[in-house]
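Below is input_39.cif, which holds mmCIF, C-alpha atoms and all ligand atoms.
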data_my_file
loop_
_atom_site.label_atom_id
_atom_site.label_comp_id
_atom_site.auth_asym_id
_atom_site.auth_seq_id
_atom_site.Cartn_x
_atom_site.Cartn_y
_atom_site.Cartn_z
CA MET A 255 81.72 -148.39 115.75
CA ALA A 256 83.48 -150.63 118.27
CA LYS A 257 85.95 -147.90 119.18
CA PRO A 258 85.24 -144.25 118.36
CA VAL A 259 87.70 -143.17 115.69
CA SER A 260 86.66 -139.67 114.90
CA ILE A 261 86.77 -137.35 117.88
CA GLU A 262 87.56 -133.67 118.24
CA VAL A 263 89.19 -132.75 121.56
CA TRP A 264 88.98 -129.32 123.18
CA ASN A 265 91.01 -128.30 126.23
CA PRO A 266 92.92 -131.64 126.56
CA SER A 267 94.19 -130.86 130.07
CA GLY A 268 90.71 -130.11 131.51
CA LYS A 269 89.91 -131.74 134.86
CA TYR A 270 86.45 -133.06 133.92
CA ARG A 271 85.79 -135.21 130.86
CA VAL A 272 82.58 -134.40 129.01
CA VAL A 273 81.52 -136.13 125.79
CA SER A 274 79.18 -134.68 123.20
CA THR A 275 77.80 -137.35 120.91
CA LYS A 276 77.44 -134.83 118.06
CA PRO A 277 78.96 -131.53 116.97
CA MET A 278 76.44 -128.81 117.86
CA PRO A 279 75.87 -125.32 116.46
CA GLY A 280 77.94 -122.37 117.67
CA THR A 281 80.87 -122.18 120.08
CA ARG A 282 79.27 -120.67 123.18
CA TRP A 283 78.59 -124.08 124.74
CA ILE A 284 82.20 -125.13 124.06
CA ASN A 285 83.57 -121.97 125.70
CA LEU A 286 81.30 -122.43 128.73
CA LEU A 287 82.56 -125.97 129.28
CA ILE A 288 86.21 -124.97 128.83
CA GLN A 289 85.77 -122.11 131.32
CA ASN A 290 84.61 -124.76 133.78
CA ASP A 291 87.77 -126.86 133.40
CA VAL A 292 86.26 -129.43 131.06
CA ARG A 293 88.12 -131.59 128.57
CA LEU A 294 85.50 -131.78 125.84
CA GLU A 295 85.39 -134.64 123.36
CA ILE A 296 83.03 -134.22 120.43
CA CYS A 297 82.19 -137.28 118.37
CA THR A 298 82.53 -136.38 114.70
CA GLU A 299 81.57 -139.77 113.24
CA LYS A 300 79.63 -139.49 110.00
CA LYS A 301 77.03 -142.03 111.19
CA THR A 302 73.82 -140.05 111.96
CA ILE A 303 72.28 -142.28 114.63
CA LEU A 304 74.70 -143.70 117.18
CA SER A 305 73.84 -147.07 118.75
CA VAL A 306 73.95 -147.79 122.48
CA GLU A 307 77.17 -149.70 121.83
CA ASP A 308 78.71 -146.69 120.05
CA ILE A 309 77.87 -144.43 122.98
CA ILE A 310 79.21 -146.89 125.56
CA ALA A 311 82.50 -146.82 123.61
CA LEU A 312 82.46 -143.02 123.71
CA ILE A 313 81.80 -142.95 127.47
CA GLY A 314 84.82 -145.16 128.12
CA ASP A 315 86.22 -145.71 131.64
CA LYS A 316 86.08 -142.16 132.90
CA CYS A 317 83.39 -139.71 131.93
CA ASP A 318 81.84 -136.95 134.06
CA GLY A 319 78.97 -136.04 131.77
CA VAL A 320 77.46 -136.53 128.32
CA ILE A 321 75.56 -134.23 125.99
CA GLY A 322 73.37 -136.41 123.80
CA GLN A 323 70.71 -136.26 121.13
CA LEU A 324 67.04 -137.22 120.76
CA THR A 325 68.01 -139.99 118.30
CA GLU A 326 69.76 -141.91 121.12
CA ASP A 327 68.23 -144.44 123.45
CA TRP A 328 69.15 -143.22 126.93
CA GLY A 329 67.97 -146.07 129.12
CA GLU A 330 69.26 -148.54 131.69
CA GLU A 331 72.35 -149.58 129.68
CA LEU A 332 73.68 -146.10 129.01
CA PHE A 333 72.98 -144.68 132.46
CA SER A 334 74.61 -147.72 134.04
CA ALA A 335 77.70 -147.26 131.80
CA LEU A 336 77.85 -143.52 132.54
CA SER A 337 77.52 -144.08 136.26
CA LYS A 338 80.29 -146.73 136.22
CA ALA A 339 82.53 -144.19 134.49
CA GLY A 340 81.84 -141.70 137.33
CA GLY A 341 79.30 -139.67 135.34
CA LYS A 342 76.89 -137.43 137.18
CA ALA A 343 75.04 -135.58 134.41
CA PHE A 344 73.34 -136.19 131.07
CA SER A 345 72.00 -133.39 128.95
CA ASN A 346 69.57 -134.07 126.07
CA MET A 347 69.91 -131.44 123.34
CA ALA A 348 66.15 -131.37 122.79
CA VAL A 349 62.91 -130.10 124.24
CA GLY A 350 61.33 -133.56 124.10
CA TYR A 351 62.94 -136.18 126.32
CA ASN A 352 60.92 -139.27 125.45
CA ASN A 353 64.23 -140.93 124.47
CA VAL A 354 65.39 -140.65 128.10
CA ASP A 355 64.38 -143.10 130.82
CA VAL A 356 64.40 -140.66 133.73
CA ASP A 357 63.74 -143.46 136.26
CA ALA A 358 66.89 -145.24 135.07
CA ALA A 359 68.86 -141.98 135.35
CA ASN A 360 67.59 -141.53 138.92
CA LYS A 361 68.49 -145.12 139.77
CA TYR A 362 72.11 -144.47 138.73
CA GLY A 363 72.28 -141.01 140.31
CA VAL A 364 72.63 -139.17 136.99
CA ALA A 365 70.99 -135.73 136.71
CA VAL A 366 69.13 -135.14 133.44
CA GLY A 367 68.76 -131.87 131.55
CA ASN A 368 66.81 -130.86 128.44
CA THR A 369 66.16 -127.57 126.62
CA PRO A 370 62.54 -126.51 127.28
CA GLY A 371 61.39 -123.24 125.80
CA VAL A 372 64.17 -122.64 123.28
CA LEU A 373 62.22 -123.96 120.27
CA THR A 374 58.75 -122.63 120.98
CA GLU A 375 58.42 -120.10 118.16
CA THR A 376 60.45 -122.02 115.59
CA THR A 377 58.34 -125.17 116.09
CA ALA A 378 55.08 -123.23 116.09
CA GLU A 379 56.18 -121.47 112.88
CA LEU A 380 56.91 -124.78 111.17
CA ALA A 381 53.50 -126.10 112.24
CA ALA A 382 51.96 -122.93 110.78
CA SER A 383 54.01 -123.40 107.57
CA LEU A 384 52.81 -126.99 107.20
CA THR A 385 49.24 -125.85 107.85
CA LEU A 386 49.40 -123.26 105.08
CA ALA A 387 51.21 -125.61 102.71
CA ALA A 388 48.55 -128.30 103.26
CA ALA A 389 45.60 -125.90 103.16
CA ARG A 390 46.73 -124.27 99.91
CA ARG A 391 48.25 -127.44 98.38
CA ILE A 392 51.58 -125.68 97.85
CA VAL A 393 53.70 -128.82 97.36
CA GLU A 394 51.30 -130.40 94.85
CA ALA A 395 51.07 -127.14 92.92
CA ASP A 396 54.86 -126.72 92.91
CA GLU A 397 55.31 -130.27 91.53
CA PHE A 398 52.68 -129.58 88.86
CA MET A 399 54.43 -126.39 87.79
CA ARG A 400 57.89 -128.00 87.62
CA ALA A 401 56.49 -130.93 85.62
CA GLY A 402 55.48 -128.43 82.91
CA LEU A 403 51.78 -129.22 83.36
CA TYR A 404 50.57 -125.64 83.75
CA ASP A 405 48.94 -124.54 80.51
CA GLY A 406 46.95 -121.56 81.77
CA TRP A 407 44.75 -120.33 84.63
CA LEU A 408 41.64 -122.33 85.39
CA PRO A 409 38.90 -121.66 87.97
CA HIS A 410 39.33 -125.07 89.61
CA LEU A 411 43.08 -125.37 89.68
CA PHE A 412 44.35 -126.50 93.11
CA VAL A 413 41.43 -125.25 95.12
CA GLY A 414 42.39 -125.42 98.79
CA ASN A 415 40.90 -124.47 102.17
CA LEU A 416 40.52 -120.85 103.31
CA LEU A 417 41.58 -120.58 106.95
CA LYS A 418 39.81 -117.36 107.91
CA GLY A 419 36.74 -118.05 110.04
CA GLN A 420 37.49 -121.80 110.31
CA THR A 421 38.31 -123.57 113.56
CA VAL A 422 41.83 -124.50 114.59
CA GLY A 423 42.12 -127.34 117.08
CA VAL A 424 45.18 -127.71 119.29
CA ILE A 425 45.93 -130.89 121.22
CA GLY A 426 48.47 -130.08 123.93
CA ALA A 427 48.32 -126.34 124.51
CA GLY A 428 51.63 -125.98 126.34
CA ARG A 429 54.40 -123.67 125.15
CA ILE A 430 54.43 -124.69 121.47
CA GLY A 431 50.72 -125.47 121.15
CA SER A 432 49.82 -122.07 122.61
CA ALA A 433 52.29 -120.21 120.37
CA TYR A 434 50.85 -121.99 117.32
CA ALA A 435 47.27 -121.26 118.45
CA ARG A 436 48.09 -117.55 118.77
CA MET A 437 49.64 -117.50 115.28
CA MET A 438 46.58 -119.10 113.70
CA VAL A 439 44.05 -117.04 115.65
CA GLU A 440 45.79 -113.70 115.23
CA GLY A 441 47.24 -114.29 111.78
CA PHE A 442 44.23 -115.89 110.13
CA LYS A 443 41.33 -114.95 112.40
CA MET A 444 40.53 -118.57 113.15
CA ASN A 445 38.38 -119.71 116.06
CA LEU A 446 40.13 -121.90 118.63
CA ILE A 447 39.24 -125.15 120.31
CA TYR A 448 41.91 -126.82 122.45
CA TYR A 449 42.40 -129.89 124.58
CA ASP A 450 44.99 -130.18 127.32
CA LEU A 451 45.07 -131.79 130.73
CA TYR A 452 45.56 -128.29 132.16
CA GLN A 453 43.81 -125.00 131.48
CA SER A 454 45.81 -122.62 129.29
CA THR A 455 44.76 -119.38 130.98
CA ARG A 456 47.21 -117.11 129.16
CA LEU A 457 46.05 -118.42 125.81
CA GLU A 458 42.40 -117.95 126.73
CA LYS A 459 43.11 -114.37 127.88
CA PHE A 460 44.93 -113.62 124.65
CA VAL A 461 42.10 -114.84 122.43
CA THR A 462 39.51 -113.01 124.56
CA ALA A 463 41.46 -109.75 124.24
CA TYR A 464 41.96 -110.26 120.50
CA ALA A 465 38.24 -110.92 120.05
CA ALA A 466 37.47 -107.64 121.85
CA PHE A 467 39.98 -105.83 119.61
CA LEU A 468 38.35 -107.22 116.45
CA LYS A 469 34.87 -106.34 117.71
CA ALA A 470 35.95 -102.79 118.55
CA ASN A 471 37.18 -102.49 114.96
CA GLY A 472 33.92 -103.66 113.45
CA GLU A 473 35.21 -107.15 112.58
CA THR A 474 33.75 -110.53 113.48
CA PRO A 475 35.32 -111.56 116.81
CA VAL A 476 37.17 -114.88 117.09
CA THR A 477 36.02 -117.42 119.69
CA TRP A 478 37.72 -119.97 121.92
CA LYS A 479 36.70 -123.11 123.76
CA ARG A 480 38.52 -125.51 126.05
CA ALA A 481 37.21 -128.94 125.06
CA ALA A 482 36.32 -131.45 127.77
CA THR A 483 37.55 -134.31 125.59
CA MET A 484 40.00 -134.70 122.76
CA ASP A 485 37.25 -136.17 120.56
CA GLU A 486 35.39 -132.86 120.76
CA VAL A 487 38.38 -131.18 119.11
CA LEU A 488 38.60 -133.87 116.44
CA GLN A 489 34.92 -133.51 115.56
CA GLU A 490 34.76 -129.70 115.52
CA ALA A 491 38.10 -128.49 114.16
CA ASP A 492 39.00 -127.91 110.51
CA ILE A 493 42.72 -127.89 111.29
CA ILE A 494 44.18 -130.00 114.11
CA SER A 495 47.74 -129.56 115.32
CA LEU A 496 49.37 -131.97 117.76
CA HIS A 497 51.71 -130.56 120.43
CA PRO A 498 51.66 -132.86 123.48
CA VAL A 499 54.69 -134.50 125.03
CA LEU A 500 55.20 -138.13 124.00
CA ASP A 501 54.59 -140.49 126.90
CA LYS A 502 52.44 -143.54 127.64
CA THR A 503 49.28 -141.40 127.62
CA THR A 504 49.92 -139.87 124.19
CA TYR A 505 51.32 -142.91 122.31
CA HIS A 506 49.00 -143.45 119.30
CA LEU A 507 46.72 -140.71 120.61
CA VAL A 508 45.54 -140.35 117.02
CA ASN A 509 44.54 -143.84 115.87
CA LYS A 510 42.16 -145.36 113.31
CA GLU A 511 39.06 -144.67 115.42
CA ARG A 512 40.02 -141.08 116.12
CA LEU A 513 40.93 -140.37 112.50
CA ALA A 514 37.42 -141.52 111.58
CA LYS A 515 35.97 -138.88 113.90
CA MET A 516 37.67 -136.02 112.06
CA LYS A 517 36.04 -134.06 109.25
CA LYS A 518 36.59 -135.54 105.78
CA GLU A 519 38.41 -132.37 104.64
CA ALA A 520 40.30 -131.74 107.87
CA ILE A 521 44.03 -131.03 107.99
CA LEU A 522 46.19 -132.78 110.60
CA ILE A 523 49.61 -131.40 111.58
CA ASN A 524 52.22 -133.15 113.71
CA CYS A 525 55.32 -131.36 114.96
CA SER A 526 55.43 -133.14 118.33
CA ARG A 527 56.68 -136.74 118.12
CA GLY A 528 55.91 -139.38 115.48
CA PRO A 529 54.42 -142.07 117.75
CA VAL A 530 51.63 -139.68 118.83
CA ILE A 531 50.01 -140.83 115.54
CA ASP A 532 49.48 -144.44 114.49
CA GLU A 533 51.22 -143.82 111.16
CA ALA A 534 50.04 -147.03 109.45
CA ALA A 535 46.43 -146.11 110.28
CA LEU A 536 47.09 -142.61 108.97
CA VAL A 537 48.33 -143.96 105.63
CA GLU A 538 45.12 -145.99 105.25
CA HIS A 539 43.00 -142.98 106.21
CA LEU A 540 44.77 -140.74 103.67
CA LYS A 541 44.28 -143.35 100.94
CA HIS A 542 40.54 -143.54 101.54
CA ASN A 543 40.02 -139.81 102.13
CA PRO A 544 41.80 -137.86 99.40
CA MET A 545 40.49 -134.51 100.68
CA PHE A 546 41.97 -135.13 104.14
CA ARG A 547 45.47 -133.63 104.30
CA VAL A 548 48.38 -134.00 106.65
CA GLY A 549 51.61 -132.11 107.37
CA LEU A 550 54.26 -134.11 109.21
CA ASP A 551 57.60 -133.07 110.65
CA VAL A 552 57.99 -136.22 112.73
CA PHE A 553 57.52 -139.94 112.07
CA GLU A 554 56.85 -143.03 114.09
CA GLU A 555 60.15 -144.76 113.30
CA GLU A 556 62.51 -142.02 112.19
CA PRO A 557 64.21 -141.82 109.80
CA TYR A 558 61.73 -144.15 108.08
CA MET A 559 58.20 -143.49 106.88
CA LYS A 560 55.49 -146.15 106.96
CA PRO A 561 54.98 -147.83 103.57
CA GLY A 562 52.77 -145.84 101.24
CA LEU A 563 53.11 -142.44 102.95
CA ALA A 564 55.67 -141.03 100.49
CA GLU A 565 53.40 -141.77 97.51
CA LEU A 566 50.41 -139.86 98.85
CA LYS A 567 49.70 -136.44 97.37
CA ASN A 568 47.63 -135.42 100.40
CA ALA A 569 50.65 -135.75 102.70
CA ILE A 570 53.40 -133.16 103.15
CA VAL A 571 56.48 -134.62 104.80
CA VAL A 572 59.60 -132.83 106.05
CA PRO A 573 62.57 -134.34 107.93
CA HIS A 574 62.15 -133.17 111.57
CA ILE A 575 63.19 -129.58 110.83
CA ALA A 576 61.02 -127.59 113.24
CA SER A 577 64.09 -126.52 115.23
CA ALA A 578 66.13 -125.65 112.14
CA SER A 579 65.93 -121.87 111.99
CA LYS A 580 68.35 -119.01 112.46
CA VAL A 581 67.51 -116.09 114.66
CA ILE A 582 69.07 -112.67 114.35
CA ILE A 583 69.45 -110.97 117.70
CA ILE A 584 69.76 -107.23 117.39
CA ASN A 585 72.07 -105.92 120.12
CA PRO A 586 71.47 -102.58 121.85
CA ASN A 587 74.24 -101.47 119.47
CA PRO A 588 72.27 -101.43 116.21
CA TYR A 589 75.42 -102.06 114.14
CA ILE A 590 76.14 -105.45 115.72
CA LYS A 591 74.03 -108.46 114.79
CA LYS A 592 74.42 -111.87 116.38
CA PHE A 593 73.32 -115.20 114.96
CA ARG A 594 72.14 -118.09 117.09
CA TYR A 595 74.14 -120.40 114.81
N1 LIG A 601 59.46 -131.16 115.81
C1 LIG A 601 60.40 -130.62 116.56
O1 LIG A 601 61.51 -130.34 116.13
C2 LIG A 601 60.09 -130.29 117.99
C3 LIG A 601 60.73 -129.19 118.59
C4 LIG A 601 60.45 -128.93 119.93
C5 LIG A 601 59.58 -129.75 120.64
N2 LIG A 601 58.98 -130.79 120.01
C6 LIG A 601 58.02 -131.65 120.74
O2 LIG A 601 56.97 -130.82 121.22
C7 LIG A 601 56.60 -131.27 122.52
C8 LIG A 601 55.90 -130.16 123.27
O3 LIG A 601 56.81 -129.13 123.59
P1 LIG A 601 56.37 -127.91 124.54
O4 LIG A 601 57.59 -127.09 124.76
O5 LIG A 601 55.15 -127.26 124.03
O6 LIG A 601 56.04 -128.72 125.87
P2 LIG A 601 55.04 -128.30 127.03
O7 LIG A 601 55.37 -129.20 128.17
O8 LIG A 601 55.06 -126.83 127.24
O9 LIG A 601 53.59 -128.68 126.44
C9 LIG A 601 53.13 -129.99 126.32
C10 LIG A 601 51.66 -129.98 126.67
O10 LIG A 601 51.12 -131.28 126.43
C11 LIG A 601 50.11 -131.48 127.40
N3 LIG A 601 49.78 -132.89 127.52
C12 LIG A 601 50.44 -133.88 128.14
N4 LIG A 601 49.77 -135.04 128.04
C13 LIG A 601 48.64 -134.76 127.32
C14 LIG A 601 47.54 -135.54 126.88
N5 LIG A 601 47.45 -136.84 127.18
N6 LIG A 601 46.59 -134.93 126.17
C15 LIG A 601 46.66 -133.61 125.87
N7 LIG A 601 47.68 -132.83 126.27
C16 LIG A 601 48.64 -133.39 126.99
C17 LIG A 601 50.74 -130.92 128.69
O11 LIG A 601 49.76 -130.67 129.69
C18 LIG A 601 51.39 -129.66 128.16
O12 LIG A 601 50.56 -128.52 128.25
C19 LIG A 601 57.94 -131.74 123.11
O13 LIG A 601 57.75 -132.67 124.16
C20 LIG A 601 58.64 -132.35 121.93
O14 LIG A 601 58.39 -133.73 121.87
C21 LIG A 601 59.22 -131.09 118.72
O1 LIG A 602 62.43 -131.87 120.92
C1 LIG A 602 63.21 -131.21 120.23
O2 LIG A 602 64.01 -130.40 120.73
C2 LIG A 602 63.15 -131.33 118.72
O3 LIG A 602 62.40 -132.41 118.33
C3 LIG A 602 64.47 -131.38 118.04
O4 LIG A 602 65.11 -130.22 117.96
#
Do you think you could lay out the structure here as C-alpha cells?
Amino acid sequence: MAKPVSIEVWNPSGKYRVVSTKPMPGTRWINLLIQNDVRLEICTEKKTILSVEDIIALIGDKCDGVIGQLTEDWGEELFSALSKAGGKAFSNMAVGYNNVDVDAANKYGVAVGNTPGVLTETTAELAASLTLAAARRIVEADEFMRAGLYDGWLPHLFVGNLLKGQTVGVIGAGRIGSAYARMMVEGFKMNLIYYDLYQSTRLEKFVTAYAAFLKANGETPVTWKRAATMDEVLQEADIISLHPVLDKTTYHLVNKERLAKMKKEAILINCSRGPVIDEAALVEHLKHNPMFRVGLDVFEEEPYMKPGLAELKNAIVVPHIASASKVIIINPNPYIKKFRY
C-alpha cells in the first residue's frame, strides 16, 4: 500500500488530524474525537496487518496523533515519522504494548497510551474456557461426534481431568491472572499456587476468605501458596495459565527445559502473548506427551502457527479472541440496555 486508498473521513474541517489504522467498535470514540475538534481518518483497507511503510503513508506530512493496533510495529521508524508530521500522541488499542518501543516514543516526544483493565474479565473467561475445553477434551469429542464416530456410550470415552481439588498455577498474577485464579478457585474449588514478581495481596485475601467460607459450610477448604520460583509452580500445578506481560524477562519463559518440569498430564493455557512460550519446543513436547494438553489464544508469530501444532489433538487453538466479547450494561433505567459494541 504505497498510498492509502481506502480511508473514511469524519469531521473534515477539524483542527487536529488523527489517524486510526483500523475501524474500531462503536462510535463513542469517534464522537469524543470530533467533540475535541479532530478530523478523524480511519483506514479501511482490507489488509489485516499494516506494514510500517503502510502506516508511514497514512501518517503523511501532518498528523497530530495515531490510534494503532497490537499487530503493528511501533518502533523508531514510526515514531520518527509521526514526530516529523507534528504528532504528539500514539494510542495502542490493546492492554499489551510489547509492540511499542516506549524508549523510541520518548526519544521523539510522543506520549503513548494503552487500555489496561478493560479486558480483565473477558481474557480471564477465555482462559477459563480453554482450561475447561482442554480438561474435558471438548474439541476432540465434538470432532468425533461430527465425524459420525459415536456408536454408543462407553465407560472410557474421552476421559478428561476433573478440576475440583486439583491445583491451578498462575504465572503473572496481575489483573487478568488474578481474575482467572479467582474463577478457578471459586468456580471449581481448586487450590492455588502462583508466581509473580510482586505479592498479590488481594488475591491471597480472597482465597483465604473463600477457604473460611467453605470450612464454615462443612466443605474442604481451598489453599493458596505464593511460589518462590516459577519452577515450583510448574512442578506442583495440574493446570498452568500464563498471564505475564511480554518483555525481555518473559520471552520464552516456558521453554523445553521448563516444559519437562511439568506434570505429564498437565494443562498449559496461554492468553498472554505468544512469545512467552517457545512454540517449537511446545510442539515437540505435545508430540511426545499425548496426555499433556494445551489451550492457546496467542502464537509466537501471529497469524502463523509453528509447523505441526495444527495437527495435534492435544492442542486447542483459537485466533487471539480473548477480547472478543460483548457486554450488556444495564442502566439504572431497567428498560434501556447498552452494548459495548
Ligand atoms: N489474549 C488477549 O486478547 C489479551 C487480552 C488482554 C491482555 N493480554 C495480555 O495479558 C497481559 C497481562 O495483562 P494484565 O492486565 O493482567 O497486566 P498486569 O500488568 O496487571 O499483570 C501482569 C503481571 O505480570 C507480572 N510479571 C511481569 N514480569 C513477570 C515475570 N518475569 N514473571 C512472572 N510475572 C511477571 C507483573 O508483575 C504483573 O503482575 C498483557 O500484557 C497482554 O499482553 C492478552
Ligand atoms: O492486549 C490486548 O489488548 C489483546 O491482546 C487484544 O485485544
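Shortest separation to Gly350 in chain A among A:Ile521, A:Val422, A:Val499, A:Ala378 occurs at residue A:Val499, atoms counted being only C-alpha atoms.
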A:Gly428, A:Gly341, A:Pro475, A:Gly423: which is nearest Leu522 in chain A, counting all atoms listed in the file?
A:Gly423
Contacts with ligand LIG 602 (chain A) at most 9 Å, all atoms listed in the file counted, listed as number ranges by chain:
A: 323-324, 346-352, 368-370, 372-373, 377, 525-527, 552, 574-578
Determine the nearest neighbour of Glu379 in chain A from the options A:Asn471, A:Ser495, A:Asn415, A:Thr504, counting all atoms listed in the file.
A:Ser495
Please check which residues have atoms at most 9 Å from (86.9, -135.6, 117.6) in the file's coordinates, counting all atoms listed in the file, and write them as a ChimeraX atom specification.
/A:258-264,277,295-299
List the neighbours of Asn265 in chain A out to 6 Å using all atoms listed in the file; skip same-chain residues closer than 2 positions along the sequence, and give me the result as JSON, numbers by chain.
{"A": [267, 268, 293]}
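Neighbourhood of point (85.7, -136.4, 134.4): residues with an atom at most 10 Å away, counting all atoms listed in the file, are Gly268, Lys269, Tyr270, Arg271, Val272, Val273, Asp291, Val292, Arg293, Leu294, Asp315, Lys316, Cys317, Asp318, Gly319, Ala339, Gly340, Gly341 and Lys342 of chain A.
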Can you work out which one of A:Ala491, A:Val581, A:Ala365, A:Leu287 has the shortest atom-to-atom distance to Asn445 in chain A, counting all atoms listed in the file?
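Between A:Ala491, A:Val581, A:Ala365, A:Leu287, the residue approaching Asn445 in chain A most closely is A:Ala491.
The residue that comes closest to Asp532 in chain A, out of A:Val572, A:Val508, A:Ala335, A:Ala388 and on the basis of all atoms listed in the file, is A:Val508.
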Find, counting all atoms listed in the file, the residue in A:Ile531, A:Leu550, A:Lys276, A:Phe344 that gets nearest to Ala382 in chain A.
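Counting all atoms listed in the file, the residue closest to Ala382 in chain A is A:Leu550.
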Report, in Å to a single decimal, how far apart CA of Gly367 in chain A and CA of Gln453 in chain A are.
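Result for CA of Gln453 in chain A versus CA of Gly367 in chain A: 25.9 Å, one decimal.
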For CA of Glu533 in chain A and CA of Pro561 in chain A, quote the distance in Å rounded to one decimal.
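Atom-to-atom, CA of Glu533 in chain A to CA of Pro561 in chain A, that is 9.4 Å.
Atom to atom, CA of Arg429 in chain A and CA of Trp283 in chain A stand 24.2 Å apart.
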Applying 10 Å and only C-alpha atoms, which residues near range 391-408 of chain A remain after dropping the ones on its own chain fewer than 4 positions away? List them as a list in words.
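Counting only the stated atoms, we get Leu384, Thr385, Leu386, Ala387, Phe412, Val413, Gly414, Asn415, Arg547, Lys567, Asn568, Ala569, Ile570 and Val571 of chain A.
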